[in-house]
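Printed here is my_file.csv (CSV, C-alpha atoms and all ligand atoms):
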chain,number,residue,atom,x,y,z
A,1,MET,CA,11.0,-12.3,-4.4
A,2,ASN,CA,10.9,-14.4,-1.3
A,3,ASP,CA,7.5,-15.7,-0.3
A,4,ARG,CA,8.6,-16.3,3.3
A,5,MET,CA,9.3,-12.6,3.8
A,6,GLU,CA,6.9,-10.8,6.1
A,7,PRO,CA,4.8,-8.4,4.0
A,8,VAL,CA,5.3,-4.7,4.7
A,9,VAL,CA,1.6,-4.1,3.8
A,10,SER,CA,-1.1,-6.5,4.3
A,11,VAL,CA,-4.7,-5.6,3.3
A,12,ARG,CA,-7.7,-7.7,4.2
A,13,ASP,CA,-11.3,-7.3,3.0
A,14,LEU,CA,-10.9,-3.5,2.7
A,15,ARG,CA,-14.1,-1.6,1.8
A,16,VAL,CA,-14.5,2.1,1.1
A,17,TRP,CA,-17.9,3.6,0.4
A,18,TYR,CA,-19.5,7.0,0.2
A,19,GLY,CA,-23.1,7.9,1.0
A,20,THR,CA,-24.9,9.8,-1.8
A,21,GLU,CA,-28.5,10.7,-2.4
A,22,ARG,CA,-28.7,7.7,-4.8
A,23,GLY,CA,-27.3,5.3,-2.2
A,24,ALA,CA,-23.8,4.1,-1.2
A,25,VAL,CA,-21.0,4.2,-3.8
A,26,ARG,CA,-19.0,1.1,-3.1
A,27,ALA,CA,-15.7,2.3,-4.5
A,28,VAL,CA,-13.6,-0.4,-2.9
A,29,ASP,CA,-15.5,-3.6,-2.3
A,30,GLY,CA,-13.6,-6.3,-0.3
A,31,VAL,CA,-10.0,-5.9,-1.5
A,32,SER,CA,-7.1,-8.1,-0.1
A,33,PHE,CA,-3.5,-8.3,-1.0
A,34,ASP,CA,0.1,-8.3,0.5
A,35,LEU,CA,3.1,-6.3,-0.5
A,36,LEU,CA,6.6,-7.6,0.3
A,37,PRO,CA,9.6,-5.4,1.1
A,38,GLY,CA,11.0,-3.9,-2.1
A,39,GLU,CA,8.2,-5.2,-4.2
A,40,THR,CA,6.3,-3.2,-6.8
A,41,LEU,CA,2.6,-4.0,-7.3
A,42,GLY,CA,0.9,-2.4,-10.3
A,43,LEU,CA,-2.8,-1.6,-9.9
A,44,VAL,CA,-4.6,-1.4,-13.2
A,45,GLY,CA,-8.2,-0.9,-14.4
A,46,GLU,CA,-10.4,1.5,-16.3
A,47,SER,CA,-11.2,5.0,-14.9
A,48,GLY,CA,-13.7,4.9,-12.0
A,49,CYS,CA,-12.9,1.3,-10.9
A,50,GLY,CA,-11.7,2.4,-7.5
A,51,LYS,CA,-7.9,2.4,-8.0
A,52,SER,CA,-7.3,5.9,-6.6
A,53,THR,CA,-9.7,5.5,-3.8
A,54,LEU,CA,-7.9,2.3,-2.8
A,55,GLY,CA,-4.5,4.1,-2.9
A,56,ARG,CA,-5.7,7.0,-0.8
A,57,GLY,CA,-7.6,4.7,1.5
A,58,LEU,CA,-4.4,2.8,2.3
A,59,LEU,CA,-2.7,6.0,3.5
A,60,GLY,CA,-5.8,7.4,5.3
A,61,MET,CA,-6.1,10.2,2.8
A,62,LEU,CA,-9.8,9.8,1.8
A,63,PRO,CA,-12.1,12.8,1.5
A,64,GLU,CA,-14.5,13.7,4.3
A,65,GLY,CA,-17.5,11.4,4.4
A,66,ALA,CA,-15.8,8.3,3.2
A,67,GLN,CA,-16.5,5.2,5.3
A,68,THR,CA,-14.1,2.3,5.6
A,69,ASP,CA,-14.0,-1.3,6.9
A,70,GLY,CA,-11.4,-4.1,6.9
A,71,GLU,CA,-7.8,-4.1,7.8
A,72,ILE,CA,-4.7,-2.3,6.5
A,73,ARG,CA,-1.6,-3.6,8.3
A,74,PHE,CA,1.6,-1.7,7.8
A,75,LYS,CA,4.5,-3.5,9.6
A,76,GLY,CA,1.9,-5.2,11.7
A,77,GLU,CA,0.1,-2.0,12.8
A,78,ASN,CA,-3.5,-1.5,11.6
A,79,LEU,CA,-3.6,1.8,9.9
A,80,ARG,CA,-7.4,1.8,9.9
A,81,THR,CA,-7.5,2.0,13.7
A,82,VAL,CA,-4.4,4.2,14.6
A,83,SER,CA,-5.1,7.7,15.7
A,84,ARG,CA,-5.1,10.6,13.2
A,85,SER,CA,-1.9,12.1,14.8
A,86,ARG,CA,-0.1,8.8,14.5
A,87,LEU,CA,-1.0,8.5,10.9
A,88,ARG,CA,0.1,12.1,10.3
A,89,ASP,CA,3.5,11.3,11.8
A,90,MET,CA,3.9,8.2,9.7
A,91,ARG,CA,3.1,10.0,6.4
A,92,GLY,CA,6.4,11.1,5.0
A,93,PRO,CA,8.9,9.1,7.0
A,94,GLU,CA,7.2,5.8,6.6
A,95,LEU,CA,4.3,6.2,4.1
A,96,GLY,CA,4.8,8.2,0.9
A,97,MET,CA,2.4,9.4,-1.8
A,98,ILE,CA,3.3,10.5,-5.3
A,99,PHE,CA,0.4,12.3,-6.9
A,100,GLN,CA,-0.2,13.3,-10.5
A,101,GLU,CA,-0.3,17.0,-11.4
A,102,PRO,CA,2.8,18.1,-9.6
A,103,LEU,CA,2.2,21.8,-10.4
A,104,THR,CA,-0.9,21.9,-8.1
A,105,ARG,CA,1.1,20.2,-5.3
A,106,LEU,CA,4.2,22.4,-5.4
A,107,ASN,CA,3.9,25.9,-3.9
A,108,PRO,CA,4.9,28.3,-6.8
A,109,LEU,CA,6.2,30.9,-4.3
A,110,MET,CA,8.6,28.5,-2.6
A,111,ARG,CA,12.0,27.4,-3.8
A,112,ILE,CA,12.7,23.7,-4.1
A,113,SER,CA,15.1,24.0,-1.1
A,114,GLU,CA,12.2,25.4,0.9
A,115,HIS,CA,9.9,22.5,-0.1
A,116,PHE,CA,12.5,20.1,1.3
A,117,GLU,CA,13.0,22.1,4.4
A,118,GLU,CA,9.3,22.3,5.1
A,119,ALA,CA,8.8,18.6,4.5
A,120,LEU,CA,11.7,17.4,6.7
A,121,ARG,CA,11.2,20.0,9.5
A,122,ALA,CA,7.5,18.8,9.9
A,123,HIS,CA,8.9,15.5,11.2
A,124,THR,CA,12.3,16.5,12.5
A,125,PRO,CA,11.8,20.1,13.9
A,126,GLY,CA,15.5,20.8,14.8
A,127,ILE,CA,17.0,19.5,11.6
A,128,SER,CA,19.7,21.9,10.2
A,129,LYS,CA,19.7,23.5,6.8
A,130,ASP,CA,22.9,21.6,5.9
A,131,THR,CA,21.4,18.2,6.8
A,132,VAL,CA,18.3,19.0,4.8
A,133,GLU,CA,20.5,20.1,1.8
A,134,ARG,CA,22.6,16.9,2.0
A,135,ALA,CA,19.5,14.7,2.1
A,136,ALA,CA,17.8,16.7,-0.7
A,137,LEU,CA,20.7,16.8,-3.0
A,138,GLU,CA,21.3,13.1,-2.7
A,139,VAL,CA,17.7,12.2,-3.6
A,140,LEU,CA,17.6,14.9,-6.4
A,141,GLY,CA,20.8,13.3,-7.8
A,142,LEU,CA,19.0,10.0,-8.1
A,143,MET,CA,16.2,11.8,-9.9
A,144,GLY,CA,18.7,13.3,-12.3
A,145,ILE,CA,18.2,16.9,-11.1
A,146,PRO,CA,21.5,18.8,-10.8
A,147,PRO,CA,22.4,20.5,-7.5
A,148,THR,CA,22.5,23.9,-9.2
A,149,ARG,CA,18.7,23.7,-9.4
A,150,TYR,CA,18.2,23.3,-5.7
A,151,ARG,CA,17.2,27.0,-5.2
A,152,SER,CA,15.0,27.3,-8.2
A,153,TYR,CA,11.3,27.8,-8.2
A,154,PRO,CA,8.8,25.2,-9.5
A,155,HIS,CA,7.9,27.2,-12.6
A,156,GLU,CA,11.5,27.1,-13.7
A,157,PHE,CA,11.2,23.3,-14.2
A,158,SER,CA,9.7,21.3,-17.1
A,159,GLY,CA,6.7,19.1,-16.3
A,160,GLY,CA,8.8,15.9,-16.2
A,161,MET,CA,11.3,17.5,-13.8
A,162,ARG,CA,8.5,18.7,-11.6
A,163,GLN,CA,7.2,15.2,-11.4
A,164,ARG,CA,10.7,14.0,-10.5
A,165,LEU,CA,10.8,16.6,-7.8
A,166,MET,CA,7.6,15.3,-6.4
A,167,ILE,CA,9.1,11.8,-6.4
A,168,GLY,CA,12.2,13.2,-4.7
A,169,LEU,CA,10.1,14.9,-2.0
A,170,ALA,CA,8.2,11.7,-1.3
A,171,LEU,CA,11.5,9.7,-1.1
A,172,VAL,CA,13.7,12.0,0.9
A,173,PHE,CA,12.5,10.1,4.0
A,174,ARG,CA,13.2,6.7,2.4
A,175,PRO,CA,9.7,5.5,3.3
A,176,ALA,CA,9.0,1.8,3.5
A,177,PHE,CA,5.8,2.1,1.5
A,178,VAL,CA,4.9,4.5,-1.3
A,179,VAL,CA,1.6,4.9,-3.3
A,180,ALA,CA,2.2,6.4,-6.8
A,181,ASP,CA,-1.0,7.5,-8.4
A,182,GLU,CA,-0.7,7.8,-12.2
A,183,PRO,CA,2.8,9.4,-11.8
A,184,THR,CA,3.4,9.7,-15.6
A,185,THR,CA,0.0,11.0,-16.8
A,186,ALA,CA,0.4,14.0,-19.0
A,187,LEU,CA,4.1,13.5,-19.6
A,188,ASP,CA,5.6,12.8,-23.0
A,189,VAL,CA,6.9,9.3,-23.8
A,190,LEU,CA,10.6,10.0,-23.1
A,191,VAL,CA,10.0,11.6,-19.8
A,192,GLU,CA,7.6,8.8,-18.9
A,193,ALA,CA,10.3,6.3,-19.6
A,194,GLN,CA,12.7,8.2,-17.3
A,195,ILE,CA,10.1,8.2,-14.5
A,196,ILE,CA,9.5,4.5,-14.9
A,197,ARG,CA,13.3,3.9,-14.8
A,198,ILE,CA,13.5,5.9,-11.5
A,199,LEU,CA,10.6,4.0,-10.0
A,200,HIS,CA,12.1,0.8,-11.1
A,201,ASP,CA,15.4,1.7,-9.4
A,202,LEU,CA,13.6,2.5,-6.1
A,203,ARG,CA,13.8,-1.1,-5.0
A,204,ARG,CA,17.5,-1.2,-5.2
A,205,GLU,CA,18.2,2.2,-3.7
A,206,PHE,CA,15.6,2.4,-0.9
A,207,ASP,CA,14.1,-1.1,-0.7
A,208,THR,CA,10.7,0.7,-0.9
A,209,SER,CA,7.5,-1.2,-1.5
A,210,LEU,CA,5.5,0.5,-4.2
A,211,LEU,CA,1.9,0.5,-5.2
A,212,LEU,CA,1.9,1.9,-8.7
A,213,ILE,CA,-1.6,2.9,-9.8
A,214,THR,CA,-2.0,3.4,-13.6
A,215,HIS,CA,-4.4,2.7,-16.5
A,216,ASN,CA,-1.3,2.0,-18.6
A,217,LEU,CA,-0.4,-1.7,-18.9
A,218,GLY,CA,2.9,-0.9,-20.7
A,219,ILE,CA,4.1,0.8,-17.5
A,220,ILE,CA,3.1,-2.1,-15.4
A,221,ALA,CA,4.9,-4.5,-17.7
A,222,GLU,CA,8.1,-2.4,-17.4
A,223,ALA,CA,8.1,-1.4,-13.7
A,224,CYS,CA,6.2,-4.0,-11.7
A,225,ASP,CA,6.8,-7.4,-10.2
A,226,ARG,CA,3.2,-8.2,-9.8
A,227,VAL,CA,-0.1,-6.8,-11.1
A,228,ALA,CA,-3.5,-6.5,-9.6
A,229,VAL,CA,-6.4,-5.9,-12.0
A,230,MET,CA,-9.3,-4.0,-10.6
A,231,TYR,CA,-12.9,-3.9,-11.8
A,232,ALA,CA,-15.9,-2.2,-10.1
A,233,GLY,CA,-14.1,-2.0,-6.7
A,234,LYS,CA,-12.8,-5.5,-6.7
A,235,ILE,CA,-9.4,-7.1,-7.5
A,236,VAL,CA,-10.4,-9.6,-10.1
A,237,GLU,CA,-7.0,-11.0,-10.9
A,238,VAL,CA,-3.6,-10.7,-9.3
A,239,GLY,CA,-0.3,-12.4,-10.1
A,240,GLU,CA,3.3,-12.1,-11.3
A,241,ALA,CA,3.2,-9.4,-14.0
A,242,ARG,CA,4.9,-11.5,-16.7
A,243,GLN,CA,2.6,-14.4,-16.0
A,244,VAL,CA,-0.6,-12.3,-16.1
A,245,PHE,CA,0.4,-10.6,-19.3
A,246,ARG,CA,1.5,-13.9,-20.9
A,247,ASP,CA,-1.5,-15.9,-19.8
A,248,PRO,CA,-4.4,-13.8,-18.4
A,249,GLN,CA,-7.0,-15.9,-16.7
A,250,HIS,CA,-9.8,-13.4,-16.1
A,251,PRO,CA,-11.9,-12.3,-19.1
A,252,TYR,CA,-11.6,-8.6,-18.0
A,253,THR,CA,-7.8,-8.8,-18.0
A,254,ARG,CA,-7.9,-10.4,-21.4
A,255,GLU,CA,-10.2,-7.7,-22.8
A,256,LEU,CA,-8.0,-5.0,-21.2
A,257,LEU,CA,-4.9,-6.3,-22.8
A,258,ARG,CA,-6.6,-6.7,-26.1
A,259,SER,CA,-7.9,-3.2,-26.1
A,260,THR,CA,-4.5,-1.8,-25.1
A,261,ILE,CA,-2.7,-3.7,-27.8
A,262,SER,CA,-5.2,-2.7,-30.5
A,263,LEU,CA,-5.3,1.0,-29.3
A,264,SER,CA,-1.6,1.2,-29.9
A,265,THR,CA,-1.9,-0.5,-33.3
A,266,THR,CA,-5.2,0.0,-35.1
A,267,GLY,CA,-7.1,2.0,-32.5
A,268,LEU,CA,-10.3,0.0,-33.3
A,269,ASN,CA,-11.0,-2.3,-30.3
A,270,TYR,CA,-12.4,-1.3,-27.0
A,271,ILE,CA,-14.2,-3.2,-24.3
A,272,PRO,CA,-17.9,-3.1,-25.3
A,273,GLY,CA,-20.2,-1.6,-22.7
A,274,ALA,CA,-19.3,0.6,-19.8
A,275,PRO,CA,-18.2,0.0,-16.2
A,276,PRO,CA,-21.1,-0.3,-13.8
A,277,ASP,CA,-22.7,2.4,-11.7
A,278,LEU,CA,-21.1,1.7,-8.3
A,279,THR,CA,-24.3,2.6,-6.4
A,280,ASP,CA,-26.1,-0.2,-8.1
A,281,PRO,CA,-23.7,-2.7,-9.7
A,282,PRO,CA,-25.1,-5.8,-11.5
A,283,PRO,CA,-25.7,-8.8,-9.3
A,284,GLY,CA,-23.3,-11.8,-9.4
A,285,CYS,CA,-20.1,-11.0,-11.2
A,286,HIS,CA,-20.1,-7.2,-11.8
A,287,PHE,CA,-18.4,-7.8,-15.2
A,288,HIS,CA,-21.1,-10.2,-16.5
A,289,PRO,CA,-22.9,-7.6,-18.7
A,290,ARG,CA,-19.7,-7.0,-20.7
A,291,CYS,CA,-18.1,-10.5,-20.5
A,292,PRO,CA,-17.7,-12.5,-23.6
A,293,ASP,CA,-17.6,-15.7,-21.5
A,294,ALA,CA,-20.5,-15.0,-19.2
A,295,MET,CA,-22.6,-17.9,-18.0
A,296,ARG,CA,-25.9,-18.0,-16.1
A,297,VAL,CA,-24.2,-18.5,-12.8
A,298,CYS,CA,-22.3,-15.3,-13.4
A,299,GLU,CA,-25.5,-13.3,-13.3
A,300,GLU,CA,-26.6,-14.7,-9.9
A,301,LEU,CA,-23.6,-15.5,-7.7
A,302,ASP,CA,-20.4,-13.5,-6.8
A,303,PRO,CA,-17.4,-15.5,-8.2
A,304,ILE,CA,-15.2,-17.1,-5.6
A,305,ASP,CA,-11.5,-16.2,-5.3
A,306,GLN,CA,-9.5,-19.1,-6.7
A,307,GLU,CA,-5.8,-19.7,-6.4
A,308,LEU,CA,-4.1,-20.9,-9.6
A,309,SER,CA,-0.5,-22.1,-10.1
A,310,GLY,CA,2.3,-19.7,-9.4
A,311,GLY,CA,0.3,-17.7,-6.8
A,312,GLN,CA,-1.9,-16.2,-9.5
A,313,ARG,CA,-5.4,-15.5,-8.1
A,314,VAL,CA,-8.6,-14.9,-10.0
A,315,GLU,CA,-12.3,-14.2,-9.2
A,316,CYS,CA,-14.1,-15.8,-12.1
A,317,TRP,CA,-16.5,-18.7,-12.4
A,318,LEU,CA,-14.5,-20.0,-15.4
A,319,HIS,CA,-12.1,-21.3,-12.8
A,320,GLY,CA,-14.6,-23.1,-10.7
A,321,PRO,CA,-15.4,-24.6,-8.4
A,322,ASP,CA,-17.1,-26.8,-11.0
A,323,HIS,CA,-19.8,-28.1,-8.8
A,324,LEU,CA,-21.1,-24.6,-8.3
A,325,ILE,CA,-21.1,-23.6,-12.0
A,326,GLY,CA,-23.5,-26.4,-13.0
A,327,VAL,CA,-24.1,-25.2,-16.5
A,328,ASP,CA,-22.2,-25.9,-19.7
A,329,GLY,CA,-20.5,-23.5,-22.1
A,330,ARG,CA,-23.6,-22.9,-24.3
A,331,ASP,CA,-24.8,-20.1,-22.0
A,332,ARG,CA,-21.5,-18.2,-22.6
A,333,LEU,CA,-22.5,-17.1,-26.0
A,334,ARG,CA,-25.8,-15.6,-25.0
A,335,VAL,CA,-24.6,-12.5,-23.2
A,336,ARG,CA,-22.1,-11.8,-26.0
A,337,GLU,CA,-24.9,-12.0,-28.6
A,338,GLU,CA,-27.0,-9.5,-26.5
A,339,LEU,CA,-24.1,-7.1,-26.4
A,340,SER,CA,-23.6,-7.2,-30.2
A,341,VAL,CA,-27.3,-6.5,-30.7
A,342,ALA,CA,-27.1,-3.5,-28.3
A,343,ASP,CA,-24.0,-2.2,-30.0
A,344,GLU,CA,-25.7,-2.3,-33.4
A,345,ALA,CA,-28.9,-0.6,-32.2
A,401,LIG,FE1,-17.1,-13.5,-17.1
A,401,LIG,FE2,-18.5,-15.1,-15.4
A,401,LIG,FE3,-15.9,-14.9,-15.1
A,401,LIG,FE4,-17.5,-12.8,-14.5
A,401,LIG,S1,-17.4,-14.8,-13.5
A,401,LIG,S2,-15.6,-12.7,-15.7
A,401,LIG,S3,-19.0,-13.0,-16.1
A,401,LIG,S4,-17.0,-15.8,-16.9
Is it possible to express this structure as structure tokens?
Ligand code: SF4
Amino acid sequence: MNDRMEPVVSVRDLRVWYGTERGAVRAVDGVSFDLLPGETLGLVGESGCGKSTLGRGLLGMLPEGAQTDGEIRFKGENLRTVSRSRLRDMRGPELGMIFQEPLTRLNPLMRISEHFEEALRAHTPGISKDTVERAALEVLGLMGIPPTRYRSYPHEFSGGMRQRLMIGLALVFRPAFVVADEPTTALDVLVEAQIIRILHDLRREFDTSLLLITHNLGIIAEACDRVAVMYAGKIVEVGEARQVFRDPQHPYTRELLRSTISLSTTGLNYIPGAPPDLTDPPPGCHFHPRCPDAMRVCEELDPIDQELSGGQRVECWLHGPDHLIGVDGRDRLRVREELSVADEA
């Protein structure tokens, strides 16, 4: 990946919040990242950390009542400030979304051919049936779906095939940027592997930039160039996927990796404690009540974003700046001890 390439997507200090009776839910809390042409960025974190809100926020698909701030540049245009109609026109041809639960997204009364006709005609009103069919069969071929199934109904497909259809519908336009939100949830392991292979091949076939949202670190390792780790609305670590997996620098990333590995082997380990209530997150580093390395400074001050070697970035006081930490490692044990006491009680 060439660092001098212009990013397709450039997000700066993005915030998304919802007003509730208990106060504002800060679902995305100051997120920044770039995505290069043809790059796949994996977004990982526990449920409720803000991953899906971030994905929907990027495409202007948030539910009513959501408030946003910050910048989302797509090929230089700020998607946060473009008109609704401009955004509608961009969704499909330029911006794609692959959802989980394909059955709820496909109309059971419409043949697959009609789904493609409807999608393409919404943006190219006069397009002929033949042109739609050619475009659809090409993309379905890439998804491993034979042309003989073009006039079938959604219920005639397996769950894995329906998910591939959804991917095909999102990609028939060859959009420059796609958000895929948990695209393999509820699929068996073999089908999951197929989908991952397809997503992996996207870059070669379409030069699409992909934000792949998942809680599954194995998928990130297989399909992504870079990984961003999200906790309580913030990206706490981002870097080349191999590098982050080999040498995670944020305690949350380490715990996430440890819990994933042990779940697939012994099933015993998990990250102690629970993610915070986003209406009232803990002060300082939001991870400090669960962090095995927490220091006093972590309870009081937001960690500062630090750039490490190889472009890896991390928000954690363990990485300085040293003059602001001002305490030694003895404090780190204290929070851990408190957690153990709470767990035993
Ligand atoms: Fe742990 Fe402190 Fe780093 Fe937060 S800033 S992850 S509490 S060491």
Could you make a table, as CSV, of the residues of chain A that have an atom within 8 Å of an atom of ligand LIG 401 (chain A), each with its nearest atom pair and distance in Å to one decimal, counting all atoms listed in the file, in chain and number order?
residue,atom,partner,partner_atom,distance
A:His250,CA,A:LIG401,S2,5.9
A:Pro251,CA,A:LIG401,S2,5.0
A:Tyr252,CA,A:LIG401,S2,6.2
A:Gly284,CA,A:LIG401,S1,7.8
A:Cys285,CA,A:LIG401,FE4,4.6
A:His286,CA,A:LIG401,FE4,6.7
A:Phe287,CA,A:LIG401,FE4,5.1
A:His288,CA,A:LIG401,S3,3.5
A:Pro289,CA,A:LIG401,S3,7.2
A:Arg290,CA,A:LIG401,S3,7.6
A:Cys291,CA,A:LIG401,FE1,4.6
A:Pro292,CA,A:LIG401,FE1,6.6
A:Asp293,CA,A:LIG401,S4,4.6
A:Ala294,CA,A:LIG401,S3,4.0
A:Met295,CA,A:LIG401,FE2,5.6
A:Arg296,CA,A:LIG401,FE2,8.0
A:Val297,CA,A:LIG401,FE2,7.1
A:Cys298,CA,A:LIG401,FE2,4.3
A:Glu299,CA,A:LIG401,S3,7.1
A:Asp302,CA,A:LIG401,S1,7.5
A:Pro303,CA,A:LIG401,S1,5.3
A:Glu315,CA,A:LIG401,S1,6.7
A:Cys316,CA,A:LIG401,FE3,3.6
A:Trp317,CA,A:LIG401,S1,4.2
A:Leu318,CA,A:LIG401,S4,5.1
A:His319,CA,A:LIG401,FE3,7.8
A:Arg332,CA,A:LIG401,S4,7.6
Exercise for the section: Between A:Pro276, A:Leu95, A:Arg162, A:Glu138, single out the one closest to Gly233 in chain A, counting all atoms listed in the file. Expected result: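 Of A:Pro276, A:Leu95, A:Arg162, A:Glu138, the one nearest Gly233 in chain A, counting all atoms listed in the file, is A:Pro276.
Between CA of Gly141 in chain A and CA of Gly168 in chain A lies a distance of 9.1 Å.
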Practice task
Between A:Leu169, A:Leu212, A:Ile112, A:Ala122, single out the one closest to Val139 in chain A, counting all atoms listed in the file.
Solution key: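 Smallest distance to Val139 in chain A is found for A:Leu169.
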Range 47-162 of chain A residues near range 34-38 of chain A within 12 Å, closest pair each, using only C-alpha atoms, as a tab-separated table:
residue	atom	partner	partner_atom	distance
A:Glu71	CA	A:Asp34	CA	11.5
A:Ile72	CA	A:Asp34	CA	9.7
A:Arg73	CA	A:Asp34	CA	9.3
A:Phe74	CA	A:Leu35	CA	9.6
A:Lys75	CA	A:Pro37	CA	10.1
A:Gly76	CA	A:Asp34	CA	11.8
Handout entry: Between CA of Thr184 in chain A and CA of Leu41 in chain A - distance in Å to one decimal
Key =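 It comes out at 16.0 Å.
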Problem - Atom pair CA of Cys49 in chain A / CA of Val25 in chain A: separation (Å) - result: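 Distance between the two atoms: 11.2 Å.
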Practice task
Please identify all polymer residues within 12 Å of Val31 in chain A, counting all atoms listed in the file, omitting same-chain residues fewer than 6 positions from it, and present them as a ChimeraX atom specification.
Solution key: /A:10-16,43,50-51,53-55,57-58,68-72,228-238,305,315
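Neighbouring residues of Ala24 in chain A at 8 Å or closer, counting all atoms listed in the file and skipping chain neighbours under 3 positions away, are Trp17, Tyr18, Gly19, Thr20, Leu278 and Thr279 of chain A.
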Exercise for the section: Determine the nearest neighbour of Glu205 in chain A from the options A:Val178, A:Val189, A:Ala241, A:Leu142, counting all atoms listed in the file. Expected result: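 Looking at the shortest contact to Glu205 in chain A, the residue is A:Leu142.
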Practice task
Compare A:Phe116, A:Gly30, A:Pro282, A:Ala223 by their minimum atom-to-atom distance to Asp130 in chain A, counting all atoms listed in the file, and give me the closest one.
Solution key: A:Phe116
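Each of A:Thr104, A:Gln67, A:Ser152, A:Gln194 was checked against Asp29 in chain A using all atoms listed in the file; the smallest atom-to-atom distance is that of A:Gln67.
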Problem - Nearest residue to Leu165 in chain A from the set A:Met97, A:Ala180, A:Leu106, A:Leu210 (distances using all atoms listed in the file) - result: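 Closest candidate: A:Leu106.
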Practice task
Quick one: everything within 9 Å of Leu120 in chain A, counting only C-alpha atoms, minus sequence neighbours fewer than 3 positions away in the same chain. Send it as a list in words.
Solution key: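 So, after excluding close chain neighbours, the residues are Gly92, Pro93, His115, Phe116, Glu117, His123, Thr124, Pro125, Ile127, Val132, Val172 and Phe173 of chain A.
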Practice task
Name the residues, using the chain letters and numbers of the file, that sit within 12 Å of (22.7, 19.3, -7.4) when counting all atoms listed in the file, and give them as a list in words.
Solution key: Ile112, Ser113, Glu133, Arg134, Ala135, Ala136, Leu137, Glu138, Val139, Leu140, Gly141, Leu142, Met143, Gly144, Ile145, Pro146, Pro147, Thr148, Arg149, Tyr150, Arg151 and Ser152 of chain A
Practice task
Pick out the residues sitting within 12 Å of Ile219 in chain A, and hand them over as number ranges by chain; count only C-alpha atoms, and ignore anything fewer than 3 positions along from it in its own chain.
Solution key: A: 40-44, 182-185, 189, 192-197, 199-200, 212-216, 222-227, 241, 260
